[in-house]
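Participant: Below you'll find input03.tsv; it's TSV, C-alpha atoms and all ligand atoms.
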```tsv
chain	number	residue	atom	x	y	z
A	1112	MET	CA	24.50	-6.01	27.66
A	1113	SER	CA	27.87	-5.72	25.88
A	1114	SER	CA	27.97	-4.56	22.27
A	1115	ASP	CA	28.95	-8.10	21.12
A	1116	ASP	CA	25.74	-9.49	22.62
A	1117	ASP	CA	23.84	-6.65	20.87
A	1118	SER	CA	25.22	-7.67	17.48
A	1119	ASP	CA	24.36	-11.38	18.20
A	1120	GLN	CA	20.93	-10.17	19.28
A	1121	ALA	CA	20.50	-8.27	15.98
A	1122	ILE	CA	21.39	-11.31	13.86
A	1123	ASP	CA	19.53	-13.84	15.90
A	1124	VAL	CA	15.92	-12.60	15.58
A	1125	GLY	CA	14.90	-15.70	13.62
A	1126	GLY	CA	13.29	-15.91	10.18
A	1127	ILE	CA	14.84	-14.56	7.01
A	1128	LEU	CA	16.63	-11.23	7.31
A	1129	TYR	CA	16.95	-8.87	4.36
A	1130	HIS	CA	20.13	-6.79	4.30
A	1131	GLU	CA	19.49	-3.63	2.29
A	1132	ARG	CA	22.55	-1.55	1.46
A	1133	LEU	CA	21.46	2.12	1.43
A	1134	THR	CA	24.98	3.32	0.61
A	1135	LYS	CA	28.49	1.83	0.83
A	1136	THR	CA	28.55	2.60	4.54
A	1137	LEU	CA	24.91	2.39	5.57
A	1138	SER	CA	22.72	-0.71	5.63
A	1139	ARG	CA	19.38	-1.77	7.05
A	1140	ILE	CA	18.27	-5.21	8.11
A	1141	PHE	CA	14.60	-6.16	8.22
A	1142	GLN	CA	12.82	-9.39	8.80
A	1143	VAL	CA	11.09	-11.22	5.94
A	1144	ASN	CA	8.21	-13.66	6.51
A	1145	LYS	CA	8.12	-15.00	2.96
A	1146	VAL	CA	9.90	-14.51	-0.33
A	1147	LEU	CA	7.05	-14.30	-2.85
A	1148	TYR	CA	9.32	-13.96	-5.90
A	1149	ALA	CA	13.06	-13.71	-6.52
A	1150	GLY	CA	14.67	-13.54	-9.93
A	1151	ARG	CA	16.43	-11.44	-12.51
A	1152	THR	CA	14.81	-9.56	-15.40
A	1153	LYS	CA	16.73	-8.46	-18.47
A	1154	TYR	CA	17.71	-5.30	-16.59
A	1155	GLN	CA	17.67	-5.82	-12.84
A	1156	ARG	CA	17.46	-8.18	-9.90
A	1157	ILE	CA	13.91	-8.34	-8.52
A	1158	GLU	CA	12.46	-9.62	-5.27
A	1159	VAL	CA	8.97	-9.40	-3.84
A	1160	VAL	CA	8.92	-10.21	-0.12
A	1161	ASP	CA	6.31	-10.17	2.60
A	1162	THR	CA	7.49	-8.58	5.86
A	1163	PRO	CA	6.00	-8.28	9.36
A	1164	ASP	CA	6.66	-4.54	9.56
A	1165	PHE	CA	5.96	-3.23	6.06
A	1166	GLY	CA	3.76	-5.85	4.42
A	1167	LYS	CA	4.67	-6.70	0.83
A	1168	MET	CA	7.75	-4.97	-0.64
A	1169	LEU	CA	9.26	-4.68	-4.10
A	1170	ILE	CA	13.06	-4.70	-4.15
A	1171	LEU	CA	15.10	-3.96	-7.30
A	1172	ASP	CA	18.85	-4.50	-7.38
A	1173	GLY	CA	18.78	-4.77	-3.61
A	1174	LYS	CA	16.93	-1.46	-3.01
A	1175	VAL	CA	13.44	-1.16	-1.59
A	1176	GLN	CA	11.14	0.43	-4.19
A	1177	PHE	CA	7.92	0.48	-2.19
A	1178	SER	CA	6.19	-1.24	0.69
A	1179	LEU	CA	2.43	-1.64	0.90
A	1180	LYS	CA	2.55	-0.20	4.42
A	1181	ASP	CA	3.70	3.27	3.38
A	1182	GLU	CA	3.73	3.56	-0.42
A	1183	PHE	CA	0.82	6.01	-0.17
A	1184	ILE	CA	3.05	8.52	1.64
A	1185	TYR	CA	5.70	8.31	-1.07
A	1186	HIS	CA	3.37	8.36	-4.10
A	1187	GLU	CA	1.04	11.06	-2.77
A	1188	SER	CA	4.07	13.27	-1.94
A	1189	LEU	CA	5.57	12.60	-5.39
A	1190	VAL	CA	2.40	13.31	-7.39
A	1191	HIS	CA	-0.09	15.67	-5.73
A	1192	PRO	CA	2.03	18.74	-4.87
A	1193	VAL	CA	3.10	19.17	-8.51
A	1194	MET	CA	-0.27	18.15	-10.00
A	1195	LEU	CA	-2.19	20.56	-7.75
A	1196	THR	CA	0.22	23.41	-8.44
A	1197	HIS	CA	-0.76	23.09	-12.11
A	1198	PRO	CA	-4.15	24.76	-12.80
A	1199	SER	CA	-5.40	21.95	-15.04
A	1200	PRO	CA	-2.99	19.09	-15.84
A	1201	GLU	CA	-4.38	17.13	-18.80
A	1202	LYS	CA	-1.43	15.35	-20.41
A	1203	VAL	CA	0.89	13.52	-18.01
A	1204	LEU	CA	4.03	11.47	-18.63
A	1205	ILE	CA	5.44	9.07	-16.04
A	1206	ILE	CA	8.99	7.85	-16.64
A	1207	GLY	CA	9.66	4.72	-14.62
A	1208	GLY	CA	6.87	4.12	-12.09
A	1209	GLY	CA	6.58	0.49	-13.20
A	1210	ASP	CA	5.11	-0.39	-9.79
A	1211	GLY	CA	1.89	1.48	-10.57
A	1212	GLY	CA	2.11	3.74	-7.51
A	1213	ALA	CA	2.46	7.09	-9.27
A	1214	LEU	CA	-0.06	6.04	-11.94
A	1215	LYS	CA	-2.86	5.40	-9.45
A	1216	GLU	CA	-2.32	8.83	-7.90
A	1217	VAL	CA	-2.25	10.67	-11.26
A	1218	LEU	CA	-5.53	9.01	-12.34
A	1219	LYS	CA	-7.27	10.51	-9.29
A	1220	HIS	CA	-7.21	13.94	-11.01
A	1221	ASN	CA	-10.28	14.24	-13.25
A	1222	THR	CA	-8.50	16.94	-15.28
A	1223	VAL	CA	-6.19	14.22	-16.67
A	1224	LYS	CA	-7.10	13.26	-20.22
A	1225	SER	CA	-4.09	11.02	-20.90
A	1226	VAL	CA	-1.22	9.50	-18.94
A	1227	THR	CA	1.65	7.72	-20.67
A	1228	LEU	CA	3.83	5.48	-18.50
A	1229	VAL	CA	7.25	4.62	-19.94
A	1230	ASP	CA	9.05	1.95	-17.92
A	1231	LEU	CA	12.12	0.13	-19.15
A	1232	ASP	CA	11.20	-3.23	-17.69
A	1233	GLU	CA	7.99	-5.00	-18.70
A	1234	GLU	CA	8.81	-7.88	-16.36
A	1235	VAL	CA	8.81	-5.61	-13.29
A	1236	MET	CA	5.27	-4.55	-14.18
A	1237	LYS	CA	4.18	-8.17	-14.76
A	1238	ILE	CA	5.60	-9.31	-11.42
A	1239	VAL	CA	4.06	-6.41	-9.50
A	1240	LYS	CA	0.67	-7.07	-11.14
A	1241	LYS	CA	0.91	-10.74	-10.12
A	1242	TYR	CA	2.30	-10.53	-6.57
A	1243	VAL	CA	1.16	-7.04	-5.47
A	1244	PRO	CA	-2.13	-6.46	-7.38
A	1245	GLU	CA	-3.00	-3.74	-4.84
A	1246	MET	CA	-0.64	-1.37	-6.66
A	1247	PHE	CA	-2.10	-1.29	-10.18
A	1248	LYS	CA	-5.67	-2.06	-9.03
A	1249	ASP	CA	-7.83	-1.04	-12.08
A	1250	SER	CA	-5.42	1.58	-13.41
A	1251	LEU	CA	-4.56	-0.42	-16.52
A	1252	LYS	CA	-8.24	-0.65	-17.49
A	1253	ASP	CA	-8.52	3.15	-17.49
A	1254	PRO	CA	-8.85	4.32	-21.15
A	1255	ARG	CA	-6.62	7.33	-20.39
A	1256	VAL	CA	-3.61	5.07	-19.73
A	1257	LYS	CA	-0.93	4.18	-22.29
A	1258	ILE	CA	1.96	1.92	-21.29
A	1259	LEU	CA	5.29	1.76	-23.14
A	1260	ASN	CA	8.19	-0.46	-22.13
A	1261	MET	CA	11.38	1.22	-23.26
A	1262	ASP	CA	14.17	3.43	-21.96
A	1263	GLY	CA	12.63	6.65	-20.64
A	1264	ARG	CA	15.47	8.76	-21.88
A	1265	LYS	CA	15.21	7.33	-25.41
A	1266	PHE	CA	11.47	7.98	-25.36
A	1267	LEU	CA	12.04	11.62	-24.42
A	1268	ALA	CA	14.69	12.08	-27.10
A	1269	GLU	CA	12.32	10.71	-29.77
A	1270	THR	CA	8.90	12.03	-28.74
A	1271	GLU	CA	7.27	15.03	-30.38
A	1272	ASN	CA	4.60	15.05	-27.65
A	1273	LYS	CA	4.39	17.83	-25.07
A	1274	TYR	CA	3.13	17.27	-21.53
A	1275	ASP	CA	1.69	19.39	-18.73
A	1276	ILE	CA	3.41	17.27	-16.05
A	1277	ILE	CA	6.34	14.85	-16.27
A	1278	ILE	CA	6.89	12.55	-13.28
A	1279	VAL	CA	10.25	10.80	-13.08
A	1280	ASP	CA	10.07	7.81	-10.74
A	1281	VAL	CA	12.99	5.61	-11.72
A	1282	THR	CA	15.30	3.50	-9.57
A	1283	ASP	CA	18.12	5.14	-7.63
A	1284	PRO	CA	20.89	6.55	-9.81
A	1285	PHE	CA	22.90	3.47	-10.72
A	1286	GLY	CA	22.47	0.73	-13.30
A	1287	PRO	CA	19.69	1.30	-15.89
A	1288	SER	CA	18.58	4.69	-14.50
A	1289	THR	CA	22.03	6.32	-14.32
A	1290	LEU	CA	21.46	8.68	-17.26
A	1291	LEU	CA	18.09	9.87	-15.93
A	1292	TYR	CA	19.61	12.19	-13.33
A	1293	THR	CA	21.83	14.34	-15.56
A	1294	LYS	CA	21.85	17.87	-17.02
A	1295	GLU	CA	21.23	16.50	-20.49
A	1296	PHE	CA	18.29	14.41	-19.26
A	1297	TYR	CA	16.60	17.34	-17.53
A	1298	GLN	CA	17.02	19.39	-20.71
A	1299	LEU	CA	15.12	16.65	-22.57
A	1300	VAL	CA	12.43	16.78	-19.86
A	1301	SER	CA	12.20	20.55	-20.19
A	1302	ASN	CA	11.88	20.27	-24.00
A	1303	ALA	CA	8.98	17.82	-23.61
A	1304	LEU	CA	6.98	20.10	-21.32
A	1305	LYS	CA	4.22	22.42	-22.54
A	1306	ASP	CA	4.50	26.11	-21.54
A	1307	GLY	CA	3.35	26.33	-17.93
A	1308	GLY	CA	4.33	22.69	-17.34
A	1309	ALA	CA	6.37	21.14	-14.51
A	1310	MET	CA	8.41	18.04	-13.71
A	1311	VAL	CA	9.03	16.21	-10.48
A	1312	THR	CA	11.54	13.52	-9.61
A	1313	HIS	CA	12.23	11.66	-6.40
A	1314	SER	CA	15.73	12.72	-5.42
A	1315	GLU	CA	17.07	10.41	-2.74
A	1316	GLY	CA	17.28	10.39	1.04
A	1317	MET	CA	17.74	13.63	2.99
A	1318	PHE	CA	20.24	12.04	5.36
A	1319	SER	CA	21.57	8.89	3.68
A	1320	CYS	CA	22.27	10.65	0.35
A	1321	ARG	CA	22.55	14.35	1.19
A	1322	LYS	CA	25.29	15.06	-1.36
A	1323	GLU	CA	23.45	13.18	-4.10
A	1324	PHE	CA	20.24	15.08	-3.35
A	1325	VAL	CA	22.02	18.46	-3.51
A	1326	THR	CA	23.64	17.35	-6.78
A	1327	ILE	CA	20.30	16.39	-8.34
A	1328	TYR	CA	18.68	19.62	-7.11
A	1329	ARG	CA	21.48	21.79	-8.53
A	1330	THR	CA	21.45	19.80	-11.79
A	1331	ILE	CA	17.71	20.40	-12.23
A	1332	LYS	CA	18.44	24.10	-11.77
A	1333	THR	CA	20.45	24.01	-15.02
A	1334	ALA	CA	17.24	23.25	-16.91
A	1335	PHE	CA	14.53	25.13	-15.01
A	1336	ARG	CA	14.12	28.65	-13.63
A	1337	LYS	CA	12.13	27.59	-10.55
A	1338	VAL	CA	13.31	24.54	-8.58
A	1339	ARG	CA	11.66	23.58	-5.31
A	1340	ALA	CA	12.10	20.54	-3.04
A	1341	CYS	CA	9.69	18.89	-0.69
A	1342	SER	CA	10.16	15.94	1.63
A	1343	ALA	CA	8.34	13.25	3.57
A	1344	PHE	CA	9.55	10.53	5.94
A	1345	ILE	CA	9.13	7.09	4.34
A	1346	PRO	CA	9.49	4.44	7.07
A	1347	SER	CA	10.29	1.57	4.68
A	1348	PHE	CA	13.07	3.68	3.10
A	1349	GLY	CA	14.49	4.45	6.54
A	1350	ASP	CA	14.97	8.12	5.66
A	1351	VAL	CA	13.22	11.38	4.83
A	1352	TRP	CA	12.72	11.23	1.07
A	1353	MET	CA	13.23	14.23	-1.21
A	1354	PHE	CA	11.09	15.21	-4.20
A	1355	THR	CA	12.34	17.95	-6.52
A	1356	ILE	CA	10.06	19.99	-8.78
A	1357	GLY	CA	11.30	21.98	-11.78
A	1358	SER	CA	9.28	24.51	-13.79
A	1359	ASN	CA	9.82	27.79	-15.62
A	1360	THR	CA	6.58	29.29	-14.37
A	1361	LEU	CA	4.90	27.27	-11.59
A	1362	ASP	CA	5.95	27.65	-7.96
A	1363	PRO	CA	4.53	25.02	-5.55
A	1364	VAL	CA	5.91	26.84	-2.52
A	1365	ASN	CA	3.60	29.83	-2.97
A	1366	MET	CA	0.47	27.76	-3.39
A	1367	ASP	CA	-2.46	29.04	-1.35
A	1368	VAL	CA	-4.09	26.39	0.88
A	1369	LYS	CA	-7.54	27.54	-0.33
A	1370	ILE	CA	-6.61	26.95	-3.97
A	1371	ILE	CA	-5.25	23.49	-3.17
A	1372	GLU	CA	-8.46	22.71	-1.30
A	1373	GLU	CA	-10.63	23.89	-4.20
A	1374	ARG	CA	-8.64	21.96	-6.77
A	1375	MET	CA	-8.71	18.74	-4.69
A	1376	LYS	CA	-12.48	19.06	-4.31
A	1377	LYS	CA	-13.11	19.94	-7.97
A	1378	ARG	CA	-10.91	17.07	-9.16
A	1379	HIS	CA	-12.28	14.58	-6.57
A	1380	VAL	CA	-8.77	13.76	-5.39
A	1381	GLU	CA	-9.00	11.45	-2.34
A	1382	THR	CA	-5.82	10.91	-0.31
A	1383	ARG	CA	-4.58	9.22	2.90
A	1384	PHE	CA	-1.51	11.30	3.68
A	1385	TYR	CA	-1.46	14.53	1.64
A	1386	TYR	CA	-3.98	17.32	2.36
A	1387	PRO	CA	-4.00	21.11	1.72
A	1388	GLU	CA	-2.46	22.19	5.03
A	1389	ILE	CA	0.39	19.67	4.77
A	1390	HIS	CA	1.48	21.04	1.38
A	1391	LYS	CA	3.38	23.93	2.95
A	1392	VAL	CA	4.87	21.59	5.57
A	1393	LEU	CA	6.28	19.30	2.89
A	1394	PHE	CA	8.10	22.27	1.33
A	1395	THR	CA	9.41	23.52	4.68
A	1396	LEU	CA	12.96	22.16	4.81
A	1397	PRO	CA	15.31	22.05	7.83
A	1398	LYS	CA	17.80	24.90	8.22
A	1399	ASP	CA	20.88	22.70	7.76
A	1400	LEU	CA	19.52	21.40	4.46
A	1401	LEU	CA	18.76	24.93	3.21
A	1402	LYS	CA	22.35	25.82	4.04
A	1403	ASP	CA	23.65	22.79	2.11
A	1404	LEU	CA	21.46	23.66	-0.86
A	1405	LYS	CA	23.17	27.04	-0.93
A	1406	GLU	CA	26.73	26.18	0.04
A	1407	MET	CA	27.57	22.47	-0.39
A	1408	LYS	CA	30.25	21.94	-3.05
A	1409	VAL	CA	28.95	19.47	-5.64
A	1410	GLU	CA	29.57	18.84	-9.33
A	1411	ILE	CA	26.62	19.11	-11.73
A	1412	SER	CA	25.60	15.61	-12.84
A	1413	THR	CA	26.32	15.12	-16.54
A	1414	ASP	CA	26.22	12.19	-18.95
A	1415	LYS	CA	30.00	12.15	-18.78
A	1416	SER	CA	30.06	12.11	-14.98
A	1417	PRO	CA	26.61	11.24	-13.67
A	1418	VAL	CA	25.64	11.31	-10.00
A	1419	GLN	CA	25.64	7.73	-8.70
A	1420	ILE	CA	24.49	6.07	-5.53
A	1421	SER	CA	27.32	3.81	-4.50
A	1422	ALA	CA	25.61	0.83	-2.92
B	1	LIG	N1	9.79	4.72	-5.99
B	1	LIG	C1	11.00	4.03	-6.42
B	1	LIG	C2	12.22	4.74	-5.92
B	1	LIG	O1	12.08	5.57	-5.02
B	1	LIG	O2	13.33	4.40	-6.37
B	1	LIG	C3	10.96	3.82	-7.92
B	1	LIG	C4	9.89	2.82	-8.25
B	1	LIG	S1	9.74	2.20	-9.84
B	1	LIG	C5	9.54	0.52	-9.51
B	1	LIG	C6	11.34	2.29	-10.55
B	1	LIG	C7	11.25	1.89	-12.00
B	1	LIG	O3	12.27	2.56	-12.77
B	1	LIG	C8	11.46	0.39	-12.29
B	1	LIG	O4	10.24	-0.19	-12.68
B	1	LIG	C9	12.50	0.35	-13.40
B	1	LIG	O5	12.22	-0.62	-14.39
B	1	LIG	C10	12.40	1.77	-13.95
B	1	LIG	N2	13.58	2.23	-14.70
B	1	LIG	C11	14.88	2.11	-14.36
B	1	LIG	N3	15.65	2.65	-15.34
B	1	LIG	C12	14.79	3.13	-16.31
B	1	LIG	C13	14.97	3.78	-17.56
B	1	LIG	N4	16.21	4.05	-18.03
B	1	LIG	N5	13.86	4.11	-18.28
B	1	LIG	C14	12.63	3.83	-17.81
B	1	LIG	N6	12.39	3.21	-16.63
B	1	LIG	C15	13.47	2.86	-15.89
```
Kindly transcribe the structure held in the file into structure tokens.

Facilitator:
Amino acid sequence: MSSDDDSDQAIDVGGILYHERLTKTLSRIFQVNKVLYAGRTKYQRIEVVDTPDFGKMLILDGKVQFSLKDEFIYHESLVHPVMLTHPSPEKVLIIGGGDGGALKEVLKHNTVKSVTLVDLDEEVMKIVKKYVPEMFKDSLKDPRVKILNMDGRKFLAETENKYDIIIVDVTDPFGPSTLLYTKEFYQLVSNALKDGGAMVTHSEGMFSCRKEFVTIYRTIKTAFRKVRACSAFIPSFGDVWMFTIGSNTLDPVNMDVKIIEERMKKRHVETRFYYPEIHKVLFTLPKDLLKDLKEMKVEISTDKSPVQISA
């Protein structure tokens, strides 16, 4: 079949097709059975769609945030490696995470005494609660949870609180989250951590945004002595997703499987994707990426010239 027919074939699969722009030059098209909600909040465009391949999906400013089919892979990879590297995380801060995914994973750790979630957009949370109740489940009834709707960076600049773990799960670096991937931001994160604390942020696609990932990784290194990255393939993102951990004392790469096992058991952490033996695998990065982390020429992301995903 000639390439023209192929392209007709791709367009003509029937039903609604969603065209997601990963970058200026890379897009994905997936079929949508039903649009459950489409609108604009004060800060971003929002759609909730139901799809044959990924189930329900949240899309913000045209970028897939999670799909019910594989959100557990993303949120378990974001939360458990850093939480289990900490001997006893009690006070946790989530910046962003308005879809409830990171929150439900953090609450699984019975060491947690309080988790504060600071998401800019109250409407995103309302719409997720209404159209994808599976994400928040009973998290918001948990007495340990405190929700604030404001800019995460402003919160960090104003808070006197100190946290054991800070999880940054904001939208890709453009629009409202642009200043949450800069040197100045990670300094604020570092200032809000207790001694022995650690932060983690998702840090873009290993293939679709290699340069942006290396930039974020190097920028985190300006604020923390130990910076480690782990990764997991997220089918609904169409790429291997990177998660970068920063700490001055903790090192997730040297975690002993036995210790992870003990801590999971003691904390009653139940998972579907993450387990002790996979921890090391998540931190084992391909050789070409290790080379890029060492040698790729990138500029540190600053408030004046922040890393941006051009979509
Ligand atoms: N897992 C997703 C990803 O990989 O991009 C992120 C999910 S979560 C829905 C992203 C959240 O970041 C949204 O709810 C959005 O409102 C929030 N957000 C964006 N900019 C923010 C800011 N400046 N402060 C706090 N939250 C912000």

Participant: If the limit is 8 Å from any atom of ligand LIG 1 (chain B), counting all atoms listed in the file, which residues qualify? Return them as a PDB file with C-alpha atoms, in the frame of the given file.

Facilitator:
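Done, and the output landed in out05.pdb:
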```pdb
ATOM      1  CA  TYR A1154      17.710  -5.300 -16.590  1.00  0.00           C
ATOM      2  CA  GLN A1155      17.670  -5.820 -12.840  1.00  0.00           C
ATOM      3  CA  LEU A1169       9.260  -4.680  -4.100  1.00  0.00           C
ATOM      4  CA  LEU A1171      15.100  -3.960  -7.300  1.00  0.00           C
ATOM      5  CA  LYS A1174      16.930  -1.460  -3.010  1.00  0.00           C
ATOM      6  CA  VAL A1175      13.440  -1.160  -1.590  1.00  0.00           C
ATOM      7  CA  GLN A1176      11.140   0.430  -4.190  1.00  0.00           C
ATOM      8  CA  PHE A1177       7.920   0.480  -2.190  1.00  0.00           C
ATOM      9  CA  TYR A1185       5.700   8.310  -1.070  1.00  0.00           C
ATOM     10  CA  HIS A1186       3.370   8.360  -4.100  1.00  0.00           C
ATOM     11  CA  ILE A1206       8.990   7.850 -16.640  1.00  0.00           C
ATOM     12  CA  GLY A1207       9.660   4.720 -14.620  1.00  0.00           C
ATOM     13  CA  GLY A1208       6.870   4.120 -12.090  1.00  0.00           C
ATOM     14  CA  GLY A1209       6.580   0.490 -13.200  1.00  0.00           C
ATOM     15  CA  ASP A1210       5.110  -0.390  -9.790  1.00  0.00           C
ATOM     16  CA  GLY A1211       1.890   1.480 -10.570  1.00  0.00           C
ATOM     17  CA  GLY A1212       2.110   3.740  -7.510  1.00  0.00           C
ATOM     18  CA  VAL A1229       7.250   4.620 -19.940  1.00  0.00           C
ATOM     19  CA  ASP A1230       9.050   1.950 -17.920  1.00  0.00           C
ATOM     20  CA  LEU A1231      12.120   0.130 -19.150  1.00  0.00           C
ATOM     21  CA  ASP A1232      11.200  -3.230 -17.690  1.00  0.00           C
ATOM     22  CA  GLU A1233       7.990  -5.000 -18.700  1.00  0.00           C
ATOM     23  CA  VAL A1235       8.810  -5.610 -13.290  1.00  0.00           C
ATOM     24  CA  MET A1236       5.270  -4.550 -14.180  1.00  0.00           C
ATOM     25  CA  ASN A1260       8.190  -0.460 -22.130  1.00  0.00           C
ATOM     26  CA  MET A1261      11.380   1.220 -23.260  1.00  0.00           C
ATOM     27  CA  ASP A1262      14.170   3.430 -21.960  1.00  0.00           C
ATOM     28  CA  GLY A1263      12.630   6.650 -20.640  1.00  0.00           C
ATOM     29  CA  ARG A1264      15.470   8.760 -21.880  1.00  0.00           C
ATOM     30  CA  LYS A1265      15.210   7.330 -25.410  1.00  0.00           C
ATOM     31  CA  ASP A1280      10.070   7.810 -10.740  1.00  0.00           C
ATOM     32  CA  VAL A1281      12.990   5.610 -11.720  1.00  0.00           C
ATOM     33  CA  THR A1282      15.300   3.500  -9.570  1.00  0.00           C
ATOM     34  CA  ASP A1283      18.120   5.140  -7.630  1.00  0.00           C
ATOM     35  CA  GLY A1286      22.470   0.730 -13.300  1.00  0.00           C
ATOM     36  CA  PRO A1287      19.690   1.300 -15.890  1.00  0.00           C
ATOM     37  CA  SER A1288      18.580   4.690 -14.500  1.00  0.00           C
ATOM     38  CA  THR A1289      22.030   6.320 -14.320  1.00  0.00           C
ATOM     39  CA  LEU A1290      21.460   8.680 -17.260  1.00  0.00           C
ATOM     40  CA  LEU A1291      18.090   9.870 -15.930  1.00  0.00           C
ATOM     41  CA  HIS A1313      12.230  11.660  -6.400  1.00  0.00           C
ATOM     42  CA  GLU A1315      17.070  10.410  -2.740  1.00  0.00           C
TER      43      GLU A1315
END
```

Participant: Of the candidates A:Lys1398, A:Lys1180, A:Lys1376, A:Arg1151, which shows the shortest atom-to-atom distance to Asp1164 of chain A, using only C-alpha atoms?

Facilitator: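 Smallest distance to Asp1164 of chain A is found for A:Lys1180.
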
Participant: Identify which of the residues A:Asp1350, A:Asp1414, A:Glu1158, A:Asp1253 lies closest to Tyr1292 of chain A, counting only C-alpha atoms when measuring atom-to-atom distances.

Facilitator: A:Asp1414

Participant: Which residue out of A:Thr1136, A:Ser1199, A:Thr1326, A:Ser1319 has the minimum interatomic distance to Val1409 of chain A when only C-alpha atoms are used?

Facilitator: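 Nearest candidate to Val1409 of chain A out of A:Thr1136, A:Ser1199, A:Thr1326, A:Ser1319: A:Thr1326.
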
Participant: Which neighbours of Lys1224 of chain A fall inside 9 Å, counting all atoms listed in the file, when residues of the same chain fewer than 3 positions from it are skipped, and could you give them as a PyMOL selection string?

Facilitator: chain A and resi 1200-1203+1221+1255-1256

Participant: Could you state the separation of atom CA of Lys1273 of chain A and atom CA of Ala1303 of chain A in Å, given to one decimal place?

Facilitator: 4.8 Å

Participant: Any idea what the distance is between atom CA of Ile1205 of chain A and atom CA of Lys1305 of chain A?

Facilitator: 14.9 Å

Participant: So which residues touch Glu1245 of chain A within 9 Å, counting only C-alpha atoms, skipping near sequence neighbours fewer than 4 positions away, as a PyMOL selection string?

Facilitator: chain A and resi 1179+1239-1240

Participant: Which polymer residues have any atom within 10 Å of an atom of Asp1306 of chain A, counting all atoms listed in the file, with same-chain residues fewer than 5 positions away left out, as an NGL selection string?

Facilitator: :A and (1273-1275 or 1301 or 1358-1360)

Participant: Go through A:Cys1320, A:Val1160, A:Ile1331, A:Leu1393 and flag the residue nearest Lys1135 of chain A, using only C-alpha atoms for the distances.

Facilitator: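 For Lys1135 of chain A, the nearest of the candidates is A:Cys1320.
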
Participant: Can you list, as a list in words, every protein, DNA or RNA residue that comes within 6 Å of Lys1145 of chain A when you count all atoms listed in the file, leaving out same-chain residues fewer than 2 positions away?

Facilitator: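 These residues fall inside the cut-off: Val1143, Leu1147, Val1160 and Asp1161 of chain A.
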
Participant: Can you tell me which residues surround Val1364 of chain A at a distance of at most 7 Å, considering all atoms listed in the file, apart from same-chain residues fewer than 2 positions away, and format the answer as a PyMOL selection string?

Facilitator: chain A and resi 1362+1366+1391+1394
